Structures are given as structure tokens and as C-alpha cells.
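Worksheet for the structure shown next.
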Amino acid sequence: MVTVENHIGKISVSGNYLTQLVRHTVTGCFGVADVCCVNSFRSALSAMTFGKAYSKQRGVAIRTDKSGGLVIDLHIKVTYGTNITAAVNSIIHKVSFTVEEAAGLTVRKVNVYVDDMNA
């Protein structure tokens, strides 16, 4: 559960909702074939290093940084022939915009890891 307090009041957002929102957004991006499994050791190490992990599901890890913003790690599989740089930049902007608009939370960083390619 992610809780943010502002001048209107307290907003609580489920970690599962955020994960599903991000997964749906990523799989809808051009060139993304699927979301890959996250290595549990890597995600556990990231959570210990950078802050509390709110959600760790298949391909998506969401945690907060020291300033209270969200850091989202994505592990994806791209389609063969896709311009990876363009696809990753599109994913970063689309995920940031979608989470900030739908949940009202600040996204500090989106890390995209291309783990596989669909032939």
C-alpha cells in the first residue's frame, strides 16, 4: 500500500493496482512482446539498497526512493526488429504519465531492462 498525503487529505493506492496498471501500460506499447520474470535475488537486493519495495510481481518491481517518489523496474521481451532505444524511451514516458495521471503519485525513475527478444 502506497500512501501519499497532500492538502486535500490522504491517498492510499494498492501495490497490486500499481503493478497491474504498469503491466497493462507496458504490454500496450509498440514493440513489447511480453513482460519477463524478475530475478528475485536482484529485486531483493534493489529493495534493500534503494528503499522499501511495495510490489514485486512478474516483470514489474515498484519501490520508493528516499524522497518518497516511485522507482519502477521493468523487465521486458521485445519483438525482433524493434528499435530498442525508441521503444524504451516510449515505455518510460508512457509509464510515468499513466501512473502520475491514474494514481496521482510522483514517478522519480523508470528502469527498463530488455531481457529477451521474440523472434
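So you can find residues: chains in the C-alpha cells are A, B, ... in the order shown, residues in each start at 1, and ligands are numbered from 1 in order.
Contact shell of region 86-99 of chain A at 9 Å (only C-alpha atoms; same-chain neighbours under 4 positions omitted): Leu18, Leu21, Val22, Thr25, Val26, Cys29, Phe30, Gly31, Val32, Ile72, Val78, Thr82, Ala103, Gly104, Leu105, Thr106, Val107, Arg108, Lys109, Val110, Asn111, Val112, Tyr113 and Val114 of chain A.
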Those in chain A with strand (DSSP E) from DSSP, as a PDB file with N, CA, C and O atoms, in the first residue's frame:
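Output below, filename states_15.pdb:
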ATOM      1  N   VAL A   2       0.663   2.111  -0.935  1.00  0.00           N
ATOM      2  CA  VAL A   2       1.388   3.376  -1.022  1.00  0.00           C
ATOM      3  C   VAL A   2       0.452   4.473  -0.536  1.00  0.00           C
ATOM      4  O   VAL A   2      -0.665   4.597  -1.028  1.00  0.00           O
ATOM      5  N   THR A   3       0.903   5.266   0.438  1.00  0.00           N
ATOM      6  CA  THR A   3       0.076   6.336   0.988  1.00  0.00           C
ATOM      7  C   THR A   3       0.767   7.673   0.773  1.00  0.00           C
ATOM      8  O   THR A   3       1.939   7.828   1.079  1.00  0.00           O
ATOM      9  N   VAL A   4       0.005   8.614   0.237  1.00  0.00           N
ATOM     10  CA  VAL A   4       0.507   9.966  -0.007  1.00  0.00           C
ATOM     11  C   VAL A   4      -0.435  10.938   0.674  1.00  0.00           C
ATOM     12  O   VAL A   4      -1.652  10.799   0.585  1.00  0.00           O
ATOM     13  N   GLU A   5       0.130  11.933   1.330  1.00  0.00           N
ATOM     14  CA  GLU A   5      -0.691  12.948   1.996  1.00  0.00           C
ATOM     15  C   GLU A   5      -0.454  14.293   1.309  1.00  0.00           C
ATOM     16  O   GLU A   5       0.687  14.689   1.084  1.00  0.00           O
ATOM     17  N   LYS A  10      -5.443  12.237   2.635  1.00  0.00           N
ATOM     18  CA  LYS A  10      -4.593  11.078   2.434  1.00  0.00           C
ATOM     19  C   LYS A  10      -5.094  10.246   1.266  1.00  0.00           C
ATOM     20  O   LYS A  10      -6.282   9.988   1.146  1.00  0.00           O
ATOM     21  N   ILE A  11      -4.155   9.794   0.428  1.00  0.00           N
ATOM     22  CA  ILE A  11      -4.486   8.928  -0.691  1.00  0.00           C
ATOM     23  C   ILE A  11      -3.717   7.625  -0.501  1.00  0.00           C
ATOM     24  O   ILE A  11      -2.501   7.641  -0.338  1.00  0.00           O
ATOM     25  N   SER A  12      -4.436   6.499  -0.522  1.00  0.00           N
ATOM     26  CA  SER A  12      -3.804   5.184  -0.415  1.00  0.00           C
ATOM     27  C   SER A  12      -4.054   4.411  -1.705  1.00  0.00           C
ATOM     28  O   SER A  12      -5.193   4.326  -2.170  1.00  0.00           O
ATOM     29  N   VAL A  13      -2.979   3.868  -2.266  1.00  0.00           N
ATOM     30  CA  VAL A  13      -3.074   3.124  -3.514  1.00  0.00           C
ATOM     31  C   VAL A  13      -2.476   1.740  -3.276  1.00  0.00           C
ATOM     32  O   VAL A  13      -1.373   1.615  -2.743  1.00  0.00           O
ATOM     33  N   VAL A  32       6.775  -4.261 -27.628  1.00  0.00           N
ATOM     34  CA  VAL A  32       6.889  -5.097 -26.435  1.00  0.00           C
ATOM     35  C   VAL A  32       6.113  -6.384 -26.672  1.00  0.00           C
ATOM     36  O   VAL A  32       4.906  -6.368 -26.903  1.00  0.00           O
ATOM     37  N   ALA A  33       6.825  -7.519 -26.612  1.00  0.00           N
ATOM     38  CA  ALA A  33       6.186  -8.818 -26.812  1.00  0.00           C
ATOM     39  C   ALA A  33       5.565  -9.325 -25.517  1.00  0.00           C
ATOM     40  O   ALA A  33       4.478  -9.893 -25.525  1.00  0.00           O
ATOM     41  N   ASP A  34       6.267  -9.118 -24.394  1.00  0.00           N
ATOM     42  CA  ASP A  34       5.780  -9.624 -23.114  1.00  0.00           C
ATOM     43  C   ASP A  34       6.597  -8.997 -21.992  1.00  0.00           C
ATOM     44  O   ASP A  34       7.555  -8.264 -22.241  1.00  0.00           O
ATOM     45  N   VAL A  35       6.207  -9.307 -20.775  1.00  0.00           N
ATOM     46  CA  VAL A  35       6.952  -8.886 -19.593  1.00  0.00           C
ATOM     47  C   VAL A  35       7.637 -10.134 -19.046  1.00  0.00           C
ATOM     48  O   VAL A  35       7.000 -11.172 -18.881  1.00  0.00           O
ATOM     49  N   ALA A  53      10.282  -1.984  -1.008  1.00  0.00           N
ATOM     50  CA  ALA A  53       9.610  -2.483  -2.205  1.00  0.00           C
ATOM     51  C   ALA A  53       8.122  -2.634  -1.897  1.00  0.00           C
ATOM     52  O   ALA A  53       7.754  -3.313  -0.955  1.00  0.00           O
ATOM     53  N   TYR A  54       7.284  -1.991  -2.679  1.00  0.00           N
ATOM     54  CA  TYR A  54       5.847  -2.102  -2.473  1.00  0.00           C
ATOM     55  C   TYR A  54       5.262  -3.265  -3.241  1.00  0.00           C
ATOM     56  O   TYR A  54       4.291  -3.843  -2.841  1.00  0.00           O
ATOM     57  N   SER A  55       5.856  -3.580  -4.367  1.00  0.00           N
ATOM     58  CA  SER A  55       5.287  -4.627  -5.184  1.00  0.00           C
ATOM     59  C   SER A  55       6.384  -5.275  -6.009  1.00  0.00           C
ATOM     60  O   SER A  55       7.207  -4.589  -6.588  1.00  0.00           O
ATOM     61  N   LYS A  56       6.380  -6.600  -6.023  1.00  0.00           N
ATOM     62  CA  LYS A  56       7.307  -7.347  -6.859  1.00  0.00           C
ATOM     63  C   LYS A  56       6.531  -8.481  -7.492  1.00  0.00           C
ATOM     64  O   LYS A  56       6.280  -9.494  -6.861  1.00  0.00           O
ATOM     65  N   GLN A  57       6.093  -8.288  -8.707  1.00  0.00           N
ATOM     66  CA  GLN A  57       5.405  -9.348  -9.423  1.00  0.00           C
ATOM     67  C   GLN A  57       6.133  -9.570 -10.728  1.00  0.00           C
ATOM     68  O   GLN A  57       7.116  -8.900 -11.026  1.00  0.00           O
ATOM     69  N   VAL A  60       7.644  -6.666 -13.039  1.00  0.00           N
ATOM     70  CA  VAL A  60       7.477  -5.307 -12.532  1.00  0.00           C
ATOM     71  C   VAL A  60       7.870  -5.259 -11.057  1.00  0.00           C
ATOM     72  O   VAL A  60       7.374  -6.058 -10.268  1.00  0.00           O
ATOM     73  N   ALA A  61       8.751  -4.333 -10.707  1.00  0.00           N
ATOM     74  CA  ALA A  61       9.106  -4.114  -9.303  1.00  0.00           C
ATOM     75  C   ALA A  61       8.933  -2.627  -9.018  1.00  0.00           C
ATOM     76  O   ALA A  61       9.487  -1.786  -9.723  1.00  0.00           O
ATOM     77  N   ILE A  62       8.136  -2.305  -8.007  1.00  0.00           N
ATOM     78  CA  ILE A  62       7.862  -0.914  -7.654  1.00  0.00           C
ATOM     79  C   ILE A  62       8.337  -0.687  -6.228  1.00  0.00           C
ATOM     80  O   ILE A  62       8.012  -1.457  -5.326  1.00  0.00           O
ATOM     81  N   ARG A  63       9.117   0.375  -6.041  1.00  0.00           N
ATOM     82  CA  ARG A  63       9.616   0.718  -4.710  1.00  0.00           C
ATOM     83  C   ARG A  63       9.678   2.234  -4.595  1.00  0.00           C
ATOM     84  O   ARG A  63       9.484   2.939  -5.576  1.00  0.00           O
ATOM     85  N   THR A  64       9.926   2.726  -3.402  1.00  0.00           N
ATOM     86  CA  THR A  64      10.065   4.162  -3.209  1.00  0.00           C
ATOM     87  C   THR A  64      11.529   4.508  -2.995  1.00  0.00           C
ATOM     88  O   THR A  64      12.306   3.694  -2.498  1.00  0.00           O
ATOM     89  N   LEU A  70       8.261   7.186  -6.593  1.00  0.00           N
ATOM     90  CA  LEU A  70       8.293   5.799  -7.019  1.00  0.00           C
ATOM     91  C   LEU A  70       9.446   5.541  -7.975  1.00  0.00           C
ATOM     92  O   LEU A  70       9.758   6.365  -8.830  1.00  0.00           O
ATOM     93  N   VAL A  71      10.047   4.381  -7.828  1.00  0.00           N
ATOM     94  CA  VAL A  71      11.043   3.872  -8.772  1.00  0.00           C
ATOM     95  C   VAL A  71      10.483   2.567  -9.302  1.00  0.00           C
ATOM     96  O   VAL A  71      10.142   1.668  -8.532  1.00  0.00           O
ATOM     97  N   ILE A  72      10.353   2.467 -10.622  1.00  0.00           N
ATOM     98  CA  ILE A  72       9.729   1.308 -11.246  1.00  0.00           C
ATOM     99  C   ILE A  72      10.770   0.588 -12.090  1.00  0.00           C
ATOM    100  O   ILE A  72      11.404   1.205 -12.953  1.00  0.00           O
ATOM    101  N   ASP A  73      10.954  -0.708 -11.834  1.00  0.00           N
ATOM    102  CA  ASP A  73      11.846  -1.554 -12.624  1.00  0.00           C
ATOM    103  C   ASP A  73      11.004  -2.455 -13.499  1.00  0.00           C
ATOM    104  O   ASP A  73      10.107  -3.152 -13.001  1.00  0.00           O
ATOM    105  N   LEU A  74      11.296  -2.471 -14.802  1.00  0.00           N
ATOM    106  CA  LEU A  74      10.551  -3.284 -15.756  1.00  0.00           C
ATOM    107  C   LEU A  74      11.503  -4.220 -16.482  1.00  0.00           C
ATOM    108  O   LEU A  74      12.575  -3.798 -16.926  1.00  0.00           O
ATOM    109  N   HIS A  75      11.123  -5.466 -16.615  1.00  0.00           N
ATOM    110  CA  HIS A  75      11.885  -6.453 -17.379  1.00  0.00           C
ATOM    111  C   HIS A  75      10.998  -6.891 -18.529  1.00  0.00           C
ATOM    112  O   HIS A  75       9.921  -7.456 -18.302  1.00  0.00           O
ATOM    113  N   ILE A  76      11.443  -6.619 -19.764  1.00  0.00           N
ATOM    114  CA  ILE A  76      10.579  -6.849 -20.920  1.00  0.00           C
ATOM    115  C   ILE A  76      11.243  -7.744 -21.955  1.00  0.00           C
ATOM    116  O   ILE A  76      12.452  -7.932 -21.971  1.00  0.00           O
ATOM    117  N   LYS A  77      10.392  -8.265 -22.838  1.00  0.00           N
ATOM    118  CA  LYS A  77      10.810  -9.001 -24.025  1.00  0.00           C
ATOM    119  C   LYS A  77      10.328  -8.176 -25.214  1.00  0.00           C
ATOM    120  O   LYS A  77       9.149  -7.804 -25.271  1.00  0.00           O
ATOM    121  N   VAL A  78      11.230  -7.856 -26.140  1.00  0.00           N
ATOM    122  CA  VAL A  78      10.861  -7.044 -27.295  1.00  0.00           C
ATOM    123  C   VAL A  78      10.689  -7.921 -28.523  1.00  0.00           C
ATOM    124  O   VAL A  78      11.199  -9.033 -28.594  1.00  0.00           O
ATOM    125  N   THR A  79       9.979  -7.401 -29.500  1.00  0.00           N
ATOM    126  CA  THR A  79       9.782  -8.070 -30.776  1.00  0.00           C
ATOM    127  C   THR A  79      10.998  -7.824 -31.660  1.00  0.00           C
ATOM    128  O   THR A  79      11.558  -6.724 -31.666  1.00  0.00           O
ATOM    129  N   VAL A 107       6.488   9.746 -10.078  1.00  0.00           N
ATOM    130  CA  VAL A 107       7.414   8.713 -10.533  1.00  0.00           C
ATOM    131  C   VAL A 107       8.776   9.374 -10.722  1.00  0.00           C
ATOM    132  O   VAL A 107       8.934  10.268 -11.538  1.00  0.00           O
ATOM    133  N   ARG A 108       9.741   8.962  -9.915  1.00  0.00           N
ATOM    134  CA  ARG A 108      11.088   9.527  -9.992  1.00  0.00           C
ATOM    135  C   ARG A 108      11.912   8.906 -11.107  1.00  0.00           C
ATOM    136  O   ARG A 108      12.670   9.595 -11.776  1.00  0.00           O
ATOM    137  N   LYS A 109      11.759   7.576 -11.290  1.00  0.00           N
ATOM    138  CA  LYS A 109      12.596   6.899 -12.271  1.00  0.00           C
ATOM    139  C   LYS A 109      11.915   5.634 -12.753  1.00  0.00           C
ATOM    140  O   LYS A 109      11.262   4.937 -11.987  1.00  0.00           O
ATOM    141  N   VAL A 110      12.081   5.342 -14.040  1.00  0.00           N
ATOM    142  CA  VAL A 110      11.622   4.091 -14.624  1.00  0.00           C
ATOM    143  C   VAL A 110      12.841   3.424 -15.256  1.00  0.00           C
ATOM    144  O   VAL A 110      13.475   3.991 -16.141  1.00  0.00           O
ATOM    145  N   ASN A 111      13.197   2.250 -14.755  1.00  0.00           N
ATOM    146  CA  ASN A 111      14.314   1.477 -15.291  1.00  0.00           C
ATOM    147  C   ASN A 111      13.750   0.363 -16.151  1.00  0.00           C
ATOM    148  O   ASN A 111      12.951  -0.441 -15.684  1.00  0.00           O
ATOM    149  N   VAL A 112      14.167   0.306 -17.414  1.00  0.00           N
ATOM    150  CA  VAL A 112      13.690  -0.723 -18.338  1.00  0.00           C
ATOM    151  C   VAL A 112      14.861  -1.624 -18.693  1.00  0.00           C
ATOM    152  O   VAL A 112      15.887  -1.150 -19.171  1.00  0.00           O
ATOM    153  N   TYR A 113      14.693  -2.923 -18.443  1.00  0.00           N
ATOM    154  CA  TYR A 113      15.701  -3.921 -18.759  1.00  0.00           C
ATOM    155  C   TYR A 113      15.147  -4.807 -19.865  1.00  0.00           C
ATOM    156  O   TYR A 113      14.103  -5.432 -19.691  1.00  0.00           O
ATOM    157  N   VAL A 114      15.839  -4.852 -20.993  1.00  0.00           N
ATOM    158  CA  VAL A 114      15.423  -5.725 -22.096  1.00  0.00           C
ATOM    159  C   VAL A 114      16.113  -7.060 -21.858  1.00  0.00           C
ATOM    160  O   VAL A 114      17.323  -7.193 -22.038  1.00  0.00           O
ATOM    161  N   ASP A 115      15.342  -8.060 -21.448  1.00  0.00           N
ATOM    162  CA  ASP A 115      15.887  -9.362 -21.075  1.00  0.00           C
ATOM    163  C   ASP A 115      15.853 -10.381 -22.195  1.00  0.00           C
ATOM    164  O   ASP A 115      16.605 -11.345 -22.180  1.00  0.00           O
ATOM    165  N   ASP A 116      14.955 -10.197 -23.161  1.00  0.00           N
ATOM    166  CA  ASP A 116      14.784 -11.213 -24.181  1.00  0.00           C
ATOM    167  C   ASP A 116      14.253 -10.589 -25.460  1.00  0.00           C
ATOM    168  O   ASP A 116      13.773  -9.450 -25.448  1.00  0.00           O
ATOM    169  N   MET A 117      14.366 -11.350 -26.569  1.00  0.00           N
ATOM    170  CA  MET A 117      13.849 -10.880 -27.853  1.00  0.00           C
ATOM    171  C   MET A 117      13.007 -11.993 -28.461  1.00  0.00           C
ATOM    172  O   MET A 117      13.424 -13.146 -28.491  1.00  0.00           O
ATOM    173  N   ASN A 118      11.832 -11.639 -28.936  1.00  0.00           N
ATOM    174  CA  ASN A 118      10.918 -12.582 -29.549  1.00  0.00           C
ATOM    175  C   ASN A 118      11.224 -12.632 -31.032  1.00  0.00           C
ATOM    176  O   ASN A 118      11.121 -11.630 -31.726  1.00  0.00           O
TER     177      ASN A 118
END
Kindly give the distance, in Å, that separates CA of Gly59 (chain A) and CA of Thr85 (chain A), rounded to a single decimal. 18.9 Å
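Minimum distance to Gly81 (chain A) across A:Ser67, A:Gly9, A:Ala119, A:Glu100 (counting only C-alpha atoms) occurs at A:Ala119.
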